[in-house]
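Text of my_file_12.cif (mmCIF, C-alpha atoms) as supplied:
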data_input
loop_
_atom_site.group_PDB
_atom_site.id
_atom_site.type_symbol
_atom_site.label_atom_id
_atom_site.label_comp_id
_atom_site.auth_asym_id
_atom_site.auth_seq_id
_atom_site.Cartn_x
_atom_site.Cartn_y
_atom_site.Cartn_z
ATOM 1 C CA MET A 178 18.949 25.023 13.031
ATOM 2 C CA ARG A 179 22.739 25.351 12.957
ATOM 3 C CA TYR A 180 24.096 28.843 12.359
ATOM 4 C CA VAL A 181 27.231 29.346 10.300
ATOM 5 C CA PHE A 182 29.433 32.230 11.372
ATOM 6 C CA LYS A 183 32.608 31.394 9.418
ATOM 7 C CA ASN A 184 33.345 32.241 5.785
ATOM 8 C CA TYR A 185 30.741 34.998 5.627
ATOM 9 C CA GLY A 186 28.009 32.547 6.593
ATOM 10 C CA TYR A 187 28.425 30.229 3.592
ATOM 11 C CA ALA A 188 29.919 27.149 5.304
ATOM 12 C CA PHE A 189 32.336 26.031 7.991
ATOM 13 C CA SER A 190 35.063 24.848 5.621
ATOM 14 C CA VAL A 191 36.674 27.162 3.081
ATOM 15 C CA GLU A 192 36.341 24.538 0.345
ATOM 16 C CA ARG A 193 32.573 24.143 0.854
ATOM 17 C CA ALA A 194 32.103 27.903 1.192
ATOM 18 C CA VAL A 195 33.870 28.472 -2.155
ATOM 19 C CA GLN A 196 31.618 25.887 -3.834
ATOM 20 C CA LYS A 197 28.496 27.592 -2.466
ATOM 21 C CA ILE A 198 29.762 31.032 -3.522
ATOM 22 C CA ILE A 199 30.440 29.770 -7.060
ATOM 23 C CA GLN A 200 26.884 28.429 -7.193
ATOM 24 C CA ALA A 201 25.562 31.817 -6.047
ATOM 25 C CA GLN A 202 27.616 33.740 -8.642
ATOM 26 C CA ALA A 203 27.599 31.595 -11.765
ATOM 27 C CA ARG A 204 24.738 30.510 -13.932
ATOM 28 C CA GLY A 205 25.823 27.943 -16.519
ATOM 29 C CA TYR A 206 27.377 24.509 -15.990
ATOM 30 C CA GLY A 207 30.490 25.382 -17.994
ATOM 31 C CA THR A 208 31.083 28.540 -15.981
ATOM 32 C CA ILE A 209 30.625 26.736 -12.667
ATOM 33 C CA ARG A 210 32.972 23.936 -13.708
ATOM 34 C CA ALA A 211 35.664 26.335 -14.959
ATOM 35 C CA LYS A 212 35.505 28.417 -11.768
ATOM 36 C CA ARG A 213 35.730 25.297 -9.589
ATOM 37 C CA ILE A 214 38.840 24.168 -11.428
ATOM 38 C CA ARG A 215 40.495 27.593 -11.223
ATOM 39 C CA LEU A 216 39.537 28.285 -7.605
ATOM 40 C CA LYS A 217 41.024 24.971 -6.432
ATOM 41 C CA TYR A 218 44.376 26.767 -6.551
ATOM 42 C CA PHE A 219 43.075 29.462 -4.213
ATOM 43 C CA VAL A 220 41.485 26.933 -1.834
ATOM 44 C CA ARG A 221 44.745 24.947 -1.651
ATOM 45 C CA PHE A 222 46.701 28.151 -1.050
ATOM 46 C CA VAL A 223 44.390 29.211 1.787
ATOM 47 C CA GLN A 224 44.584 25.762 3.391
ATOM 48 C CA VAL A 225 48.397 25.649 3.177
ATOM 49 C CA GLU A 226 48.593 29.121 4.731
ATOM 50 C CA GLY A 227 46.447 27.861 7.626
ATOM 51 C CA ILE A 228 43.570 30.244 6.916
ATOM 52 C CA THR A 229 40.301 28.584 7.937
ATOM 53 C CA ASP A 230 38.010 31.544 7.388
ATOM 54 C CA LEU A 231 37.704 33.705 4.246
ATOM 55 C CA GLU A 232 37.128 36.723 6.486
ATOM 56 C CA LYS A 233 40.744 36.407 7.649
ATOM 57 C CA VAL A 234 42.259 36.661 4.148
ATOM 58 C CA LYS A 235 44.352 39.841 4.011
ATOM 59 C CA PHE A 236 45.443 41.797 0.967
ATOM 60 C CA SER A 237 49.007 40.563 1.541
ATOM 61 C CA ASP A 238 47.683 36.968 1.338
ATOM 62 C CA LEU A 239 46.102 37.742 -2.020
ATOM 63 C CA GLN A 240 49.395 39.234 -3.225
ATOM 64 C CA HIS A 241 51.277 36.122 -2.093
ATOM 65 C CA PHE A 242 48.718 33.959 -3.932
ATOM 66 C CA ALA A 243 49.244 35.960 -7.130
ATOM 67 C CA GLN A 244 53.018 35.510 -6.810
ATOM 68 C CA GLN A 245 52.532 31.747 -6.477
ATOM 69 C CA ILE A 246 50.318 31.703 -9.587
ATOM 70 C CA GLN A 247 53.011 33.690 -11.414
ATOM 71 C CA GLN A 248 55.557 31.043 -10.420
ATOM 72 C CA LEU A 249 53.232 28.189 -11.449
ATOM 73 C CA MET A 250 52.642 29.928 -14.785
ATOM 74 C CA GLN A 251 56.365 29.937 -15.490
ATOM 75 C CA GLU A 252 56.943 26.369 -14.261
ATOM 76 C CA ASN A 253 53.960 24.817 -16.056
ATOM 77 C CA ASP A 254 54.117 26.943 -19.210
ATOM 78 C CA TRP A 255 50.608 28.317 -18.704
ATOM 79 C CA SER A 256 49.361 31.076 -20.930
ATOM 80 C CA PRO A 257 49.098 34.508 -19.281
ATOM 81 C CA ALA A 258 45.349 34.416 -19.965
ATOM 82 C CA TYR A 259 44.883 31.248 -17.876
ATOM 83 C CA ALA A 260 46.922 32.623 -14.982
ATOM 84 C CA GLN A 261 45.005 35.915 -15.180
ATOM 85 C CA ASN A 262 41.706 34.016 -15.031
ATOM 86 C CA ILE A 263 42.831 32.224 -11.844
ATOM 87 C CA ILE A 264 43.775 35.499 -10.143
ATOM 88 C CA SER A 265 40.649 37.216 -11.451
ATOM 89 C CA ASP A 266 38.417 34.470 -10.043
ATOM 90 C CA ALA A 267 40.066 34.866 -6.616
ATOM 91 C CA ASN A 268 39.432 38.635 -6.904
ATOM 92 C CA ARG A 269 35.790 38.066 -7.805
ATOM 93 C CA LEU A 270 35.292 35.514 -5.038
ATOM 94 C CA LEU A 271 36.628 37.828 -2.338
ATOM 95 C CA GLY A 272 34.855 40.841 -3.833
ATOM 96 C CA PHE A 273 31.558 38.929 -3.814
ATOM 97 C CA VAL A 274 31.750 37.888 -0.166
ATOM 98 C CA ARG A 275 33.209 41.190 1.061
ATOM 99 C CA LYS A 276 30.803 43.278 -1.039
ATOM 100 C CA GLN A 277 33.655 45.544 -2.138
ATOM 101 C CA ARG A 278 35.859 45.956 -5.180
ATOM 102 C CA ALA A 279 38.726 47.717 -3.416
ATOM 103 C CA PHE A 280 40.169 44.389 -2.274
ATOM 104 C CA ARG A 281 41.526 43.225 -5.627
ATOM 105 C CA LEU A 282 44.730 42.794 -7.616
ATOM 106 C CA SER A 283 45.542 43.536 -11.220
ATOM 107 C CA PRO A 284 46.100 40.074 -12.739
ATOM 108 C CA SER A 285 48.212 41.448 -15.598
ATOM 109 C CA ALA A 286 50.634 42.994 -13.097
ATOM 110 C CA TYR A 287 51.628 39.466 -12.059
ATOM 111 C CA THR A 288 51.246 37.528 -15.304
ATOM 112 C CA GLY A 289 52.049 40.048 -18.017
ATOM 113 C CA LYS A 290 49.779 41.039 -20.850
ATOM 114 C CA ARG A 291 47.836 38.540 -22.894
ATOM 115 C CA PRO A 292 49.613 37.777 -26.173
ATOM 116 C CA TRP A 293 46.439 38.434 -28.163
ATOM 117 C CA THR A 294 42.842 39.432 -27.700
ATOM 118 C CA ARG A 295 39.928 38.464 -29.852
ATOM 119 C CA THR A 296 38.817 41.243 -32.180
ATOM 120 C CA ALA A 297 36.158 39.292 -34.087
ATOM 121 C CA PRO A 298 33.688 36.588 -33.024
ATOM 122 C CA PRO A 299 34.708 32.964 -33.621
ATOM 123 C CA THR A 300 33.805 31.664 -37.061
ATOM 124 C CA GLY A 301 30.569 29.728 -37.312
ATOM 125 C CA MET A 302 28.791 31.780 -34.668
ATOM 126 C CA GLU A 303 25.785 33.837 -35.623
ATOM 127 C CA LEU A 304 25.280 37.020 -33.687
ATOM 128 C CA VAL A 305 21.704 37.782 -32.755
ATOM 129 C CA GLY A 306 20.431 41.280 -32.955
#

Write the structure described by the file as structure tokens, please.
Amino acid sequence: MRYVFKNYGYAFSVERAVQKIIQAQARGYGTIRAKRIRLKYFVRFVQVEGITDLEKVKFSDLQHFAQQIQQLMQENDWSPAYAQNIISDANRLLGFVRKQRAFRLSPSAYTGKRPWTRTAPPTGMELVG
């Protein structure tokens, strides 16, 4: 049996570790797919920074990642909600593997507030209960 000591024991590569962590966290296909798409930005960031182990990600790295997402949001005309979801998923990923919530950023501090929030359920949906 081969023991894995990198990336909190999930896998040797960051990319594979993130995929396994998503599988451990999420339940539905749509959720897993959405998280994979959003966390690709974080995986690319970590690889470009030369970080090969999630245990070595520092708070300053997470701040730098959020600044890059802020820049991408402005360049690509993303909605603040989408950019917030990307940062939030990186927060959740690191919080899950570190077993702590203290290591997290406020997504709205980097992306601004969402232009609107839903106050009523979408039409055509029946609420049970």

### Task
Find the residues near A:Lys212: any atom within 12 Å, counting all atoms listed in the file, skip ones fewer than 3 places away on the same chain, and give them as an MDAnalysis selection string.
chainID A and resid 195:209 215:220 259 262:270

### Message
Please determine, counting only C-alpha atoms, which residue among A:Ala286, A:Leu231, A:Ala194, A:Val223 has the shortest atom-to-atom distance to A:Gln247.
### Response
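Result for the nearest residue to A:Gln247: A:Ala286.
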
#### Entry: Evaluate the PyMOL selection byres ((chain A and resi 250-257) around 7) and report residues as JSON, numbers by chain
{"A": [246, 247, 248, 249, 258, 259, 260, 261, 288, 289, 290, 291]}

### Query
Any idea what the distance is between atom CA of A:Ala279 and atom CA of A:Thr294?
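Atom-to-atom, atom CA of A:Ala279 and atom CA of A:Thr294 are spaced 26.0 Å apart.
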
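As for atom CA of A:Ser190 and atom CA of A:Ala211, they are spaced 20.6 Å apart.
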
### Query
So what do you get for atom CA of A:Gly227 versus atom CA of A:Arg278, distance-wise?
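Atom CA of A:Arg278 lies at a distance of 24.6 Å from atom CA of A:Gly227.
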
### Query
Closest to A:Phe273 among A:His241, A:Ser285, A:Glu232, A:Pro292, using all atoms listed in the file?
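Among A:His241, A:Ser285, A:Glu232, A:Pro292, it is A:Glu232 that comes nearest to A:Phe273.
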
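Restricting the calculation to all atoms listed in the file, the smallest distance between A:Asp238 and any of A:Arg281, A:Arg210, A:Arg295, A:Arg193 is found for A:Arg281.
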
Output as AutoDock Vina command-line options the centre and edge lengths (Å, one decimal) of the box along x, y and z of the file that holds every listed atom of stretch 203-218 of chain A after adding 4 Å on each side.
--center_x 34.6 --center_y 27.8 --center_z -12.2 --size_x 27.6 --size_y 15.7 --size_z 19.6

### Minimum-distance residue to A:Gln240, chosen among A:Gly272, A:Ser283, A:Ile228, A:Arg213 (using all atoms listed in the file)
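Of all the options, A:Ser283 lies closest to A:Gln240.
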
### Query
Which is closest to A:Lys235 among A:Leu271, A:Ile214, A:Ala297, A:Val191, if we use all atoms listed in the file?
A:Leu271
